[in-house]
$ cat work25.cif   # mmCIF, C-alpha atoms, pLDDT in the B column; chains and numbers go by the auth columns
data_final
#
loop_
_atom_site.group_PDB
_atom_site.id
_atom_site.type_symbol
_atom_site.label_atom_id
_atom_site.label_comp_id
_atom_site.label_asym_id
_atom_site.label_seq_id
_atom_site.Cartn_x
_atom_site.Cartn_y
_atom_site.Cartn_z
_atom_site.B_iso_or_equiv
_atom_site.auth_seq_id
_atom_site.auth_asym_id
ATOM 1 C CA MET A 1 158.915 146.437 109.511 70.00 1 L
ATOM 2 C CA THR A 2 159.475 148.009 112.910 74.00 2 L
ATOM 3 C CA LYS A 3 157.913 147.100 116.227 72.00 3 L
ATOM 4 C CA VAL A 4 156.562 150.268 117.815 72.00 4 L
ATOM 5 C CA ALA A 5 154.991 148.994 121.042 75.00 5 L
ATOM 6 C CA GLN A 6 154.712 145.865 123.147 79.00 6 L
ATOM 7 C CA ILE A 7 152.520 144.637 125.989 81.00 7 L
ATOM 8 C CA GLU A 8 154.275 142.111 128.203 76.00 8 L
ATOM 9 C CA ASN A 9 152.814 138.798 129.377 70.00 9 L
ATOM 10 C CA LYS A 10 149.464 139.276 127.675 75.00 10 L
ATOM 11 C CA GLY A 11 147.613 137.208 125.125 76.00 11 L
ATOM 12 C CA GLY A 12 144.062 136.954 123.940 89.00 12 L
ATOM 13 C CA ALA A 13 141.462 138.186 121.486 94.00 13 L
ATOM 14 C CA LEU A 14 142.132 141.697 120.177 96.00 14 L
ATOM 15 C CA ALA A 15 140.147 144.570 118.685 97.00 15 L
ATOM 16 C CA TRP A 16 141.168 148.089 117.679 97.00 16 L
ATOM 17 C CA SER A 17 139.054 151.064 118.636 97.00 17 L
ATOM 18 C CA PRO A 18 137.076 152.295 115.595 96.00 18 L
ATOM 19 C CA VAL A 19 136.640 155.735 117.203 95.00 19 L
ATOM 20 C CA SER A 20 139.051 158.300 115.723 92.00 20 L
ATOM 21 C CA SER A 21 139.473 160.184 119.009 91.00 21 L
ATOM 22 C CA HIS A 22 140.721 156.939 120.600 92.00 22 L
ATOM 23 C CA ALA A 23 142.546 155.480 117.617 92.00 23 L
ATOM 24 C CA ASP A 24 145.464 154.231 119.745 93.00 24 L
ATOM 25 C CA VAL A 25 143.241 152.153 122.034 96.00 25 L
ATOM 26 C CA ILE A 26 142.910 148.376 121.805 96.00 26 L
ATOM 27 C CA ALA A 27 140.697 145.926 123.657 97.00 27 L
ATOM 28 C CA LEU A 28 142.231 142.693 124.906 96.00 28 L
ATOM 29 C CA GLY A 29 140.009 139.817 126.009 96.00 29 L
ATOM 30 C CA ALA A 30 141.889 137.136 127.918 92.00 30 L
ATOM 31 C CA LYS A 31 141.802 133.644 126.431 84.00 31 L
ATOM 32 C CA ASP A 32 143.865 132.170 129.264 74.00 32 L
ATOM 33 C CA SER A 33 142.585 131.589 132.776 58.00 33 L
ATOM 34 C CA GLY A 34 144.470 132.968 135.737 53.00 34 L
ATOM 35 C CA GLY A 35 144.054 129.665 137.485 50.00 35 L
ATOM 36 C CA VAL A 36 146.555 126.871 138.037 47.00 36 L
ATOM 37 C CA GLY A 37 145.812 123.266 137.089 49.00 37 L
ATOM 38 C CA PHE A 38 142.061 122.659 137.161 48.00 38 L
ATOM 39 C CA ASP A 39 141.288 126.104 138.614 53.00 39 L
ATOM 40 C CA ASP A 40 139.504 128.587 136.383 60.00 40 L
ATOM 41 C CA TYR A 41 139.352 132.173 137.564 71.00 41 L
ATOM 42 C CA GLY A 42 137.488 133.413 134.501 83.00 42 L
ATOM 43 C CA GLY A 43 138.878 136.106 132.247 91.00 43 L
ATOM 44 C CA GLU A 44 139.394 139.825 131.947 94.00 44 L
ATOM 45 C CA LEU A 45 138.651 142.575 129.451 96.00 45 L
ATOM 46 C CA GLU A 46 141.350 145.253 129.324 96.00 46 L
ATOM 47 C CA LEU A 47 141.711 148.499 127.396 96.00 47 L
ATOM 48 C CA TYR A 48 145.205 149.735 126.537 95.00 48 L
ATOM 49 C CA ASP A 49 146.258 153.070 125.085 94.00 49 L
ATOM 50 C CA LEU A 50 149.264 152.197 122.912 92.00 50 L
ATOM 51 C CA ASN A 51 150.321 155.852 122.501 87.00 51 L
ATOM 52 C CA ILE A 52 151.671 155.100 119.034 85.00 52 L
ATOM 53 C CA THR A 53 150.737 158.532 117.697 78.00 53 L
ATOM 54 C CA CYS A 54 152.456 160.386 120.541 69.00 54 L
ATOM 55 C CA PRO A 55 154.572 163.244 119.132 64.00 55 L
ATOM 56 C CA ALA A 56 157.889 162.218 120.706 65.00 56 L
ATOM 57 C CA GLY A 57 159.566 159.407 122.569 65.00 57 L
ATOM 58 C CA LYS A 58 159.035 155.662 122.561 72.00 58 L
ATOM 59 C CA PRO A 59 155.375 154.589 122.732 77.00 59 L
ATOM 60 C CA THR A 60 154.503 153.125 126.123 85.00 60 L
ATOM 61 C CA PRO A 61 151.243 151.138 126.343 89.00 61 L
ATOM 62 C CA ARG A 62 149.105 152.163 129.295 91.00 62 L
ATOM 63 C CA LEU A 63 146.231 150.246 130.872 94.00 63 L
ATOM 64 C CA ILE A 64 143.269 152.631 130.967 95.00 64 L
ATOM 65 C CA GLY A 65 140.413 150.329 131.972 95.00 65 L
ATOM 66 C CA SER A 66 139.615 146.743 132.878 94.00 66 L
ATOM 67 C CA VAL A 67 136.777 144.530 134.036 94.00 67 L
ATOM 68 C CA LYS A 68 136.730 140.931 135.262 94.00 68 L
ATOM 69 C CA THR A 69 134.631 138.348 133.417 95.00 69 L
ATOM 70 C CA THR A 70 133.243 135.043 134.662 93.00 70 L
ATOM 71 C CA LYS A 71 134.381 133.239 131.502 94.00 71 L
ATOM 72 C CA ARG A 72 137.293 133.529 129.105 94.00 72 L
ATOM 73 C CA PHE A 73 137.102 135.055 125.633 96.00 73 L
ATOM 74 C CA SER A 74 136.954 133.208 122.349 96.00 74 L
ATOM 75 C CA SER A 75 136.361 136.222 120.065 97.00 75 L
ATOM 76 C CA ILE A 76 135.958 139.988 120.294 98.00 76 L
ATOM 77 C CA GLY A 77 134.747 142.914 118.171 98.00 77 L
ATOM 78 C CA TRP A 78 134.345 146.684 118.467 98.00 78 L
ATOM 79 C CA THR A 79 131.969 149.020 116.619 98.00 79 L
ATOM 80 C CA LYS A 80 131.500 152.749 116.552 97.00 80 L
ATOM 81 C CA GLY A 81 127.820 152.029 116.031 96.00 81 L
ATOM 82 C CA THR A 82 125.201 153.924 114.123 96.00 82 L
ATOM 83 C CA ASP A 83 124.707 157.635 114.724 95.00 83 L
ATOM 84 C CA ALA A 84 121.953 156.810 117.217 95.00 84 L
ATOM 85 C CA ILE A 85 124.236 154.447 119.152 96.00 85 L
ATOM 86 C CA SER A 86 127.237 156.788 119.166 94.00 86 L
ATOM 87 C CA GLN A 87 125.138 159.577 120.673 95.00 87 L
ATOM 88 C CA HIS A 88 124.767 157.492 123.826 94.00 88 L
ATOM 89 C CA TYR A 89 127.978 155.447 123.653 95.00 89 L
ATOM 90 C CA GLY A 90 130.822 157.805 122.784 94.00 90 L
ATOM 91 C CA MET A 91 133.393 155.027 122.396 96.00 91 L
ATOM 92 C CA GLY A 92 131.012 152.657 120.680 97.00 92 L
ATOM 93 C CA LEU A 93 130.268 149.110 121.831 98.00 93 L
ATOM 94 C CA LEU A 94 132.472 146.092 122.515 98.00 94 L
ATOM 95 C CA ALA A 95 131.240 142.539 121.941 98.00 95 L
ATOM 96 C CA GLY A 96 132.882 139.533 123.515 98.00 96 L
ATOM 97 C CA GLY A 97 132.218 135.963 122.434 97.00 97 L
ATOM 98 C CA MET A 98 132.874 133.763 125.455 96.00 98 L
ATOM 99 C CA ILE A 99 133.884 130.112 125.751 95.00 99 L
ATOM 100 C CA ASP A 100 130.504 129.142 127.255 95.00 100 L
ATOM 101 C CA GLY A 101 128.452 130.420 124.276 95.00 101 L
ATOM 102 C CA THR A 102 127.593 133.781 125.833 96.00 102 L
ATOM 103 C CA VAL A 103 127.887 137.074 123.960 98.00 103 L
ATOM 104 C CA ASN A 104 128.488 140.098 126.194 98.00 104 L
ATOM 105 C CA ILE A 105 128.135 143.736 125.170 98.00 105 L
ATOM 106 C CA TRP A 106 130.224 146.349 127.010 98.00 106 L
ATOM 107 C CA ASN A 107 130.373 150.138 127.053 97.00 107 L
ATOM 108 C CA PRO A 108 134.120 150.886 126.844 96.00 108 L
ATOM 109 C CA ALA A 109 133.621 154.519 127.895 95.00 109 L
ATOM 110 C CA ALA A 110 132.269 153.329 131.242 95.00 110 L
ATOM 111 C CA MET A 111 135.442 151.269 131.740 94.00 111 L
ATOM 112 C CA ILE A 112 137.595 154.374 131.404 91.00 112 L
ATOM 113 C CA ASP A 113 135.749 157.225 133.090 82.00 113 L
ATOM 114 C CA GLY A 114 135.636 155.572 136.516 72.00 114 L
ATOM 115 C CA SER A 115 131.928 156.186 136.954 72.00 115 L
ATOM 116 C CA SER A 116 129.593 153.906 138.852 73.00 116 L
ATOM 117 C CA THR A 117 127.900 152.865 135.592 81.00 117 L
ATOM 118 C CA ASP A 118 128.172 149.122 134.967 91.00 118 L
ATOM 119 C CA PRO A 119 130.240 148.649 131.769 95.00 119 L
ATOM 120 C CA LEU A 120 128.264 145.471 130.950 97.00 120 L
ATOM 121 C CA VAL A 121 125.334 146.647 128.835 97.00 121 L
ATOM 122 C CA SER A 122 123.734 143.287 128.012 97.00 122 L
ATOM 123 C CA SER A 123 124.378 139.567 127.802 97.00 123 L
ATOM 124 C CA MET A 124 122.969 136.872 125.504 96.00 124 L
ATOM 125 C CA SER A 125 123.172 133.075 125.794 94.00 125 L
ATOM 126 C CA ARG A 126 121.814 131.764 122.503 91.00 126 L
ATOM 127 C CA HIS A 127 124.778 129.677 121.328 92.00 127 L
ATOM 128 C CA SER A 128 124.766 126.239 122.948 88.00 128 L
ATOM 129 C CA GLY A 129 127.343 123.531 123.329 81.00 129 L
ATOM 130 C CA GLY A 130 130.550 125.539 123.236 90.00 130 L
ATOM 131 C CA ALA A 131 132.323 128.772 122.450 96.00 131 L
ATOM 132 C CA VAL A 132 131.311 131.744 120.331 97.00 132 L
ATOM 133 C CA SER A 133 134.100 131.051 117.874 96.00 133 L
ATOM 134 C CA ALA A 134 133.529 133.986 115.492 97.00 134 L
ATOM 135 C CA LEU A 135 131.919 137.409 115.532 98.00 135 L
ATOM 136 C CA GLN A 136 131.965 140.604 113.498 98.00 136 L
ATOM 137 C CA PHE A 137 130.086 143.890 113.545 98.00 137 L
ATOM 138 C CA ASN A 138 128.584 145.135 110.294 98.00 138 L
ATOM 139 C CA PRO A 139 131.104 147.620 108.777 97.00 139 L
ATOM 140 C CA HIS A 140 128.474 149.697 106.965 98.00 140 L
ATOM 141 C CA PRO A 141 127.738 152.852 109.010 97.00 141 L
ATOM 142 C CA ALA A 142 123.947 152.671 108.632 97.00 142 L
ATOM 143 C CA SER A 143 123.961 148.991 109.681 98.00 143 L
ATOM 144 C CA ALA A 144 126.637 149.131 112.385 98.00 144 L
ATOM 145 C CA ASN A 145 124.005 148.064 114.921 98.00 145 L
ATOM 146 C CA LEU A 146 124.174 144.504 113.541 98.00 146 L
ATOM 147 C CA LEU A 147 126.460 141.849 115.014 98.00 147 L
ATOM 148 C CA ALA A 148 127.002 138.456 113.395 98.00 148 L
ATOM 149 C CA THR A 149 128.154 135.593 115.610 98.00 149 L
ATOM 150 C CA GLY A 150 129.026 131.966 114.940 97.00 150 L
ATOM 151 C CA GLY A 151 129.394 129.187 117.458 96.00 151 L
ATOM 152 C CA SER A 152 130.970 125.792 117.824 94.00 152 L
ATOM 153 C CA ASP A 153 127.382 124.512 117.615 92.00 153 L
ATOM 154 C CA GLY A 154 127.343 125.382 113.896 94.00 154 L
ATOM 155 C CA GLU A 155 124.768 128.131 114.284 96.00 155 L
ATOM 156 C CA VAL A 156 125.001 131.671 112.924 97.00 156 L
ATOM 157 C CA LEU A 157 123.046 134.379 114.725 97.00 157 L
ATOM 158 C CA ILE A 158 122.401 138.047 114.012 98.00 158 L
ATOM 159 C CA THR A 159 121.979 140.500 116.877 98.00 159 L
ATOM 160 C CA SER A 160 120.408 143.908 116.413 98.00 160 L
ATOM 161 C CA LEU A 161 121.684 146.457 118.930 98.00 161 L
ATOM 162 C CA ASP A 162 119.327 149.315 118.144 97.00 162 L
ATOM 163 C CA ALA A 163 118.671 149.201 121.878 97.00 163 L
ATOM 164 C CA PRO A 164 121.974 147.823 123.225 97.00 164 L
ATOM 165 C CA ASP A 165 120.491 147.008 126.632 96.00 165 L
ATOM 166 C CA GLN A 166 117.686 145.046 124.940 97.00 166 L
ATOM 167 C CA PRO A 167 119.329 143.183 122.046 97.00 167 L
ATOM 168 C CA ASN A 168 117.223 141.409 119.450 98.00 168 L
ATOM 169 C CA VAL A 169 118.729 138.061 118.397 97.00 169 L
ATOM 170 C CA TYR A 170 117.503 136.184 115.326 97.00 170 L
ATOM 171 C CA LEU A 171 118.497 133.579 112.755 97.00 171 L
ATOM 172 C CA PRO A 172 119.609 134.750 109.310 97.00 172 L
ATOM 173 C CA ALA A 173 117.397 132.060 107.734 96.00 173 L
ATOM 174 C CA PRO A 174 114.835 130.637 110.191 95.00 174 L
ATOM 175 C CA ASP A 175 113.831 127.726 107.916 93.00 175 L
ATOM 176 C CA THR A 176 117.400 126.586 107.137 92.00 176 L
ATOM 177 C CA PRO A 177 119.290 124.005 109.251 90.00 177 L
ATOM 178 C CA LYS A 178 122.462 125.161 110.926 89.00 178 L
ATOM 179 C CA GLN A 179 125.805 124.285 109.376 91.00 179 L
ATOM 180 C CA GLY A 180 127.451 120.941 110.021 87.00 180 L
ATOM 181 C CA GLY A 181 130.425 122.017 112.123 92.00 181 L
ATOM 182 C CA GLU A 182 132.033 124.783 114.122 95.00 182 L
ATOM 183 C CA ILE A 183 131.721 128.255 112.614 96.00 183 L
ATOM 184 C CA THR A 184 135.298 129.418 112.135 97.00 184 L
ATOM 185 C CA LYS A 185 134.646 132.875 110.674 97.00 185 L
ATOM 186 C CA VAL A 186 131.836 135.316 109.902 98.00 186 L
ATOM 187 C CA ALA A 187 132.321 138.205 107.474 98.00 187 L
ATOM 188 C CA TRP A 188 129.953 140.933 106.294 98.00 188 L
ATOM 189 C CA ASN A 189 129.958 141.720 102.600 98.00 189 L
ATOM 190 C CA THR A 190 131.940 144.857 101.835 97.00 190 L
ATOM 191 C CA GLN A 191 129.400 146.254 99.351 97.00 191 L
ATOM 192 C CA VAL A 192 125.960 144.987 100.431 98.00 192 L
ATOM 193 C CA ALA A 193 124.986 145.543 104.055 98.00 193 L
ATOM 194 C CA HIS A 194 122.461 142.689 104.303 98.00 194 L
ATOM 195 C CA ILE A 195 124.843 139.950 103.066 98.00 195 L
ATOM 196 C CA VAL A 196 127.033 137.990 105.485 98.00 196 L
ATOM 197 C CA ALA A 197 129.139 134.858 104.999 98.00 197 L
ATOM 198 C CA SER A 198 130.139 132.126 107.419 98.00 198 L
ATOM 199 C CA ALA A 199 132.951 129.565 107.165 96.00 199 L
ATOM 200 C CA CYS A 200 132.513 126.146 108.721 95.00 200 L
ATOM 201 C CA GLY A 201 134.482 123.197 110.008 93.00 201 L
ATOM 202 C CA ASP A 202 132.699 120.854 107.583 92.00 202 L
ATOM 203 C CA GLY A 203 134.440 122.404 104.568 92.00 203 L
ATOM 204 C CA SER A 204 131.637 124.707 103.471 92.00 204 L
ATOM 205 C CA ALA A 205 130.892 128.416 103.456 95.00 205 L
ATOM 206 C CA VAL A 206 127.393 129.868 103.350 96.00 206 L
ATOM 207 C CA VAL A 207 126.412 133.315 102.089 97.00 207 L
ATOM 208 C CA TRP A 208 123.320 134.540 103.928 97.00 208 L
ATOM 209 C CA ASP A 209 120.820 137.083 102.606 97.00 209 L
ATOM 210 C CA LEU A 210 119.209 138.762 105.615 98.00 210 L
ATOM 211 C CA ARG A 211 116.669 140.585 103.484 97.00 211 L
ATOM 212 C CA GLN A 212 115.376 137.385 101.874 96.00 212 L
ATOM 213 C CA LYS A 213 115.895 135.396 105.120 96.00 213 L
ATOM 214 C CA LYS A 214 117.554 132.522 103.302 96.00 214 L
ATOM 215 C CA PRO A 215 120.982 131.356 102.117 95.00 215 L
ATOM 216 C CA TRP A 216 122.051 133.086 98.910 95.00 216 L
ATOM 217 C CA CYS A 217 124.411 130.204 98.157 93.00 217 L
ATOM 218 C CA GLU A 218 126.545 127.477 99.712 93.00 218 L
ATOM 219 C CA ILE A 219 130.160 127.031 98.610 92.00 219 L
ATOM 220 C CA ARG A 220 131.696 123.573 98.925 89.00 220 L
ATOM 221 C CA CYS A 221 135.241 124.752 99.531 88.00 221 L
ATOM 222 C CA GLU A 222 136.973 121.670 100.891 83.00 222 L
ATOM 223 C CA ALA A 223 136.640 117.909 101.016 76.00 223 L
ATOM 224 C CA SER A 224 134.587 116.504 103.867 71.00 224 L
ATOM 225 C CA GLY A 225 136.381 116.684 107.184 77.00 225 L
ATOM 226 C CA ILE A 226 138.627 119.609 106.233 91.00 226 L
ATOM 227 C CA ALA A 227 137.622 122.930 107.746 94.00 227 L
ATOM 228 C CA VAL A 228 137.496 126.325 106.088 94.00 228 L
ATOM 229 C CA SER A 229 139.757 128.222 108.467 95.00 229 L
ATOM 230 C CA ASP A 230 139.037 131.742 107.207 96.00 230 L
ATOM 231 C CA LEU A 231 137.264 133.783 104.563 96.00 231 L
ATOM 232 C CA ALA A 232 137.237 137.394 103.393 98.00 232 L
ATOM 233 C CA TRP A 233 135.331 139.489 100.884 98.00 233 L
ATOM 234 C CA ASN A 234 137.059 141.562 98.226 97.00 234 L
ATOM 235 C CA PRO A 235 137.031 145.185 99.483 97.00 235 L
ATOM 236 C CA THR A 236 135.613 146.620 96.249 96.00 236 L
ATOM 237 C CA GLN A 237 134.079 143.653 94.390 95.00 237 L
ATOM 238 C CA GLY A 238 131.209 142.307 96.450 95.00 238 L
ATOM 239 C CA LEU A 239 130.888 139.041 94.508 95.00 239 L
ATOM 240 C CA TYR A 240 134.502 137.941 95.051 96.00 240 L
ATOM 241 C CA ILE A 241 135.318 135.975 98.202 96.00 241 L
ATOM 242 C CA ILE A 242 138.475 134.152 99.259 97.00 242 L
ATOM 243 C CA THR A 243 138.561 131.067 101.483 95.00 243 L
ATOM 244 C CA ALA A 244 141.438 129.383 103.295 95.00 244 L
ATOM 245 C CA SER A 245 141.858 125.687 103.982 92.00 245 L
ATOM 246 C CA ALA A 246 142.752 124.313 107.423 90.00 246 L
ATOM 247 C CA ASP A 247 144.535 121.335 105.849 88.00 247 L
ATOM 248 C CA ASP A 248 148.201 121.606 106.923 86.00 248 L
ATOM 249 C CA ARG A 249 149.200 119.057 104.276 86.00 249 L
ATOM 250 C CA ASN A 250 147.695 121.122 101.459 85.00 250 L
ATOM 251 C CA PRO A 251 147.245 124.702 102.661 88.00 251 L
ATOM 252 C CA VAL A 252 145.508 126.553 99.848 91.00 252 L
ATOM 253 C CA MET A 253 143.489 129.723 99.427 94.00 253 L
ATOM 254 C CA LYS A 254 140.743 129.820 96.816 92.00 254 L
ATOM 255 C CA VAL A 255 139.198 132.874 95.180 94.00 255 L
ATOM 256 C CA TRP A 256 135.557 132.500 94.168 93.00 256 L
ATOM 257 C CA ASP A 257 133.575 134.579 91.676 94.00 257 L
ATOM 258 C CA LEU A 258 130.034 133.979 92.893 92.00 258 L
ATOM 259 C CA ARG A 259 128.605 135.169 89.594 89.00 259 L
ATOM 260 C CA ALA A 260 130.201 132.196 87.835 84.00 260 L
ATOM 261 C CA SER A 261 130.357 129.202 90.164 72.00 261 L
ATOM 262 C CA THR A 262 130.109 128.068 93.771 71.00 262 L
ATOM 263 C CA THR A 263 131.827 124.765 93.057 68.00 263 L
ATOM 264 C CA MET A 264 134.907 125.835 91.060 69.00 264 L
ATOM 265 C CA PRO A 265 137.241 128.597 92.278 72.00 265 L
ATOM 266 C CA LEU A 266 138.924 130.963 89.821 57.00 266 L
#

$ encode --input "work25.cif" --output "structure tokens"
Amino acid sequence: MTKVAQIENKGGALAWSPVSSHADVIALGAKDSGGVGFDDYGGELELYDLNITCPAGKPTPRLIGSVKTTKRFSSIGWTKGTDAISQHYGMGLLAGGMIDGTVNIWNPAAMIDGSSTDPLVSSMSRHSGGAVSALQFNPHPASANLLATGGSDGEVLITSLDAPDQPNVYLPAPDTPKQGGEITKVAWNTQVAHIVASACGDGSAVVWDLRQKKPWCEIRCEASGIAVSDLAWNPTQGLYIITASADDRNPVMKVWDLRASTTMPL
């Protein structure tokens, strides 16, 4: 393994550009404040061109755009968007989950071209009581307008960005109580565009069916008090999901076949 590029004195939430013409570009959302002591100067969203596909020479990362934010980042995601979105937003859309529960949507192209257009497209404050701890755009091209977010309040929300400046936010299952702890991860199913899963600090994971507007199942992954730190769907088998335990004393990953059981892993 060889390191090909490095950005000095930077840390935060990261997302790669999904746009092939800007494949070397990353977004970096600052998780650390620029303040000292009790001061909090907010955060910053930066775009870097890593130049890793340059034909010759050592890649040198270059800052190509930045914007100040009133709050720091907790999570970040980037989508190319649907065909309708990409016609108006050539570099897609960036979503930032902030520490105060706000979700911001930016136009990365406006950060680069130096125009007077405000890069901030829209802002939503539907998560209460803490950070937006997890977010992910739907990876299916026809549904790439959908953003799933999870908060420290235990709530999962879906945002439709058909009109990015007028986002539509809704619950995946309006009649179902929110989960019993911080949402640590959200993940769209790799085969079915209307299925999304969320991992929780209470040791459970829920699979949501947006079409039926109800949970498809709940997986009791860990003993009470032990969080599910991560989860991921099998890339080709949409009924296989893997979960990771946050228990440092017994760090295990469990593979679940949802056709067979939601209480016993494989």

$ resolve_selection --input "work25.cif" --expression "the PyMOL selection byres ((chain L and resi 118) around 12)" --output "ChimeraX atom specification"
/L:66-68,105-117,119-122,165

$ residues_around --input "work25.cif" --residues "Ile183 in chain L" --least-positions-apart "4" --cutoff "12 Å" --atoms "all atoms listed in the file" --output "PyMOL selection string"
chain L and resi 75+127+130-135+148-157+178-179+187+197-206+227-231

$ atom_distance --input "work25.cif" --atom1 "CA of Lys71 in chain L" --atom2 "CA of Ala5 in chain L"
28.0 Å

$ resolve_selection --input "work25.cif" --expression "the PyMOL selection byres ((chain L and resi 19) around 8)" --output "compact mmCIF listing (two decimals) with C-alpha atoms, in the frame of the given file"
# COMPACT_ATOMS: atom_id res chain seq x y z
CA SER L 17 139.05 151.06 118.64
CA PRO L 18 137.08 152.29 115.60
CA SER L 20 139.05 158.30 115.72
CA SER L 21 139.47 160.18 119.01
CA HIS L 22 140.72 156.94 120.60
CA ALA L 23 142.55 155.48 117.62
CA LYS L 80 131.50 152.75 116.55
CA MET L 91 133.39 155.03 122.40
CA GLY L 92 131.01 152.66 120.68

$ resolve_selection --input "work25.cif" --expression "the PyMOL selection byres ((chain L and resi 10) around 10)" --output "JSON, numbers by chain"
{"L": [6, 7, 8, 9, 11, 12, 28, 29, 30, 31, 32]}

$ residues_around --input "work25.cif" --residues "Asp24 in chain L" --least-positions-apart "2" --cutoff "6 Å" --atoms "only C-alpha atoms" --output "PDB file with C-alpha atoms, in the frame of the given file"
ATOM      1  CA  HIS L  22     140.721 156.939 120.600  1.00 92.00           C
ATOM      2  CA  ASP L  49     146.258 153.070 125.085  1.00 94.00           C
ATOM      3  CA  LEU L  50     149.264 152.197 122.912  1.00 92.00           C
ATOM      4  CA  ASN L  51     150.321 155.852 122.501  1.00 87.00           C
TER       5      ASN L  51
END

$ axis_aligned_box --input "work25.cif" --around "range 198-216 of chain L" --padding-each-side "5 Å" --output "lines of an AutoDock Vina configuration file"
center_x = 124.9
center_y = 130.7
center_z = 104.5
size_x = 29.1
size_y = 29.7
size_z = 21.1

$ closest_residue --input "work25.cif" --among "L:Ser86, L:Thr176, L:Ser224, L:Thr79" --to "Ala27 in chain L" --atoms "all atoms listed in the file"
L:Thr79

$ atom_distance --input "work25.cif" --atom1 "CA of Gly77 in chain L" --atom2 "CA of Gly90 in chain L"
16.1 Å

$ closest_residue --input "work25.cif" --among "L:Val4, L:Met98, L:Val196, L:Ala15" --to "Thr53 in chain L" --atoms "only C-alpha atoms"
L:Val4

$ atom_distance --input "work25.cif" --atom1 "CA of Glu46 in chain L" --atom2 "CA of Gly65 in chain L"
5.8 Å

$ closest_residue --input "work25.cif" --among "L:Ala163, L:Ile52, L:Val103, L:Leu258" --to "Phe73 in chain L" --atoms "all atoms listed in the file"
L:Val103

$ closest_residue --input "work25.cif" --among "L:Gln212, L:Ser74, L:Asn189, L:Asn145" --to "Thr102 in chain L" --atoms "only C-alpha atoms"
L:Ser74

$ residues_near_point --input "work25.cif" --point "(129.3, 149.5, 106.9)" --cutoff "9 Å" --atoms "only C-alpha atoms" --output "PyMOL selection string"
chain L and resi 137-144+188-193

$ closest_residue --input "work25.cif" --among "L:Ser160, L:Thr69, L:Asn168, L:Thr262" --to "Gly96 in chain L" --atoms "all atoms listed in the file"
L:Thr69
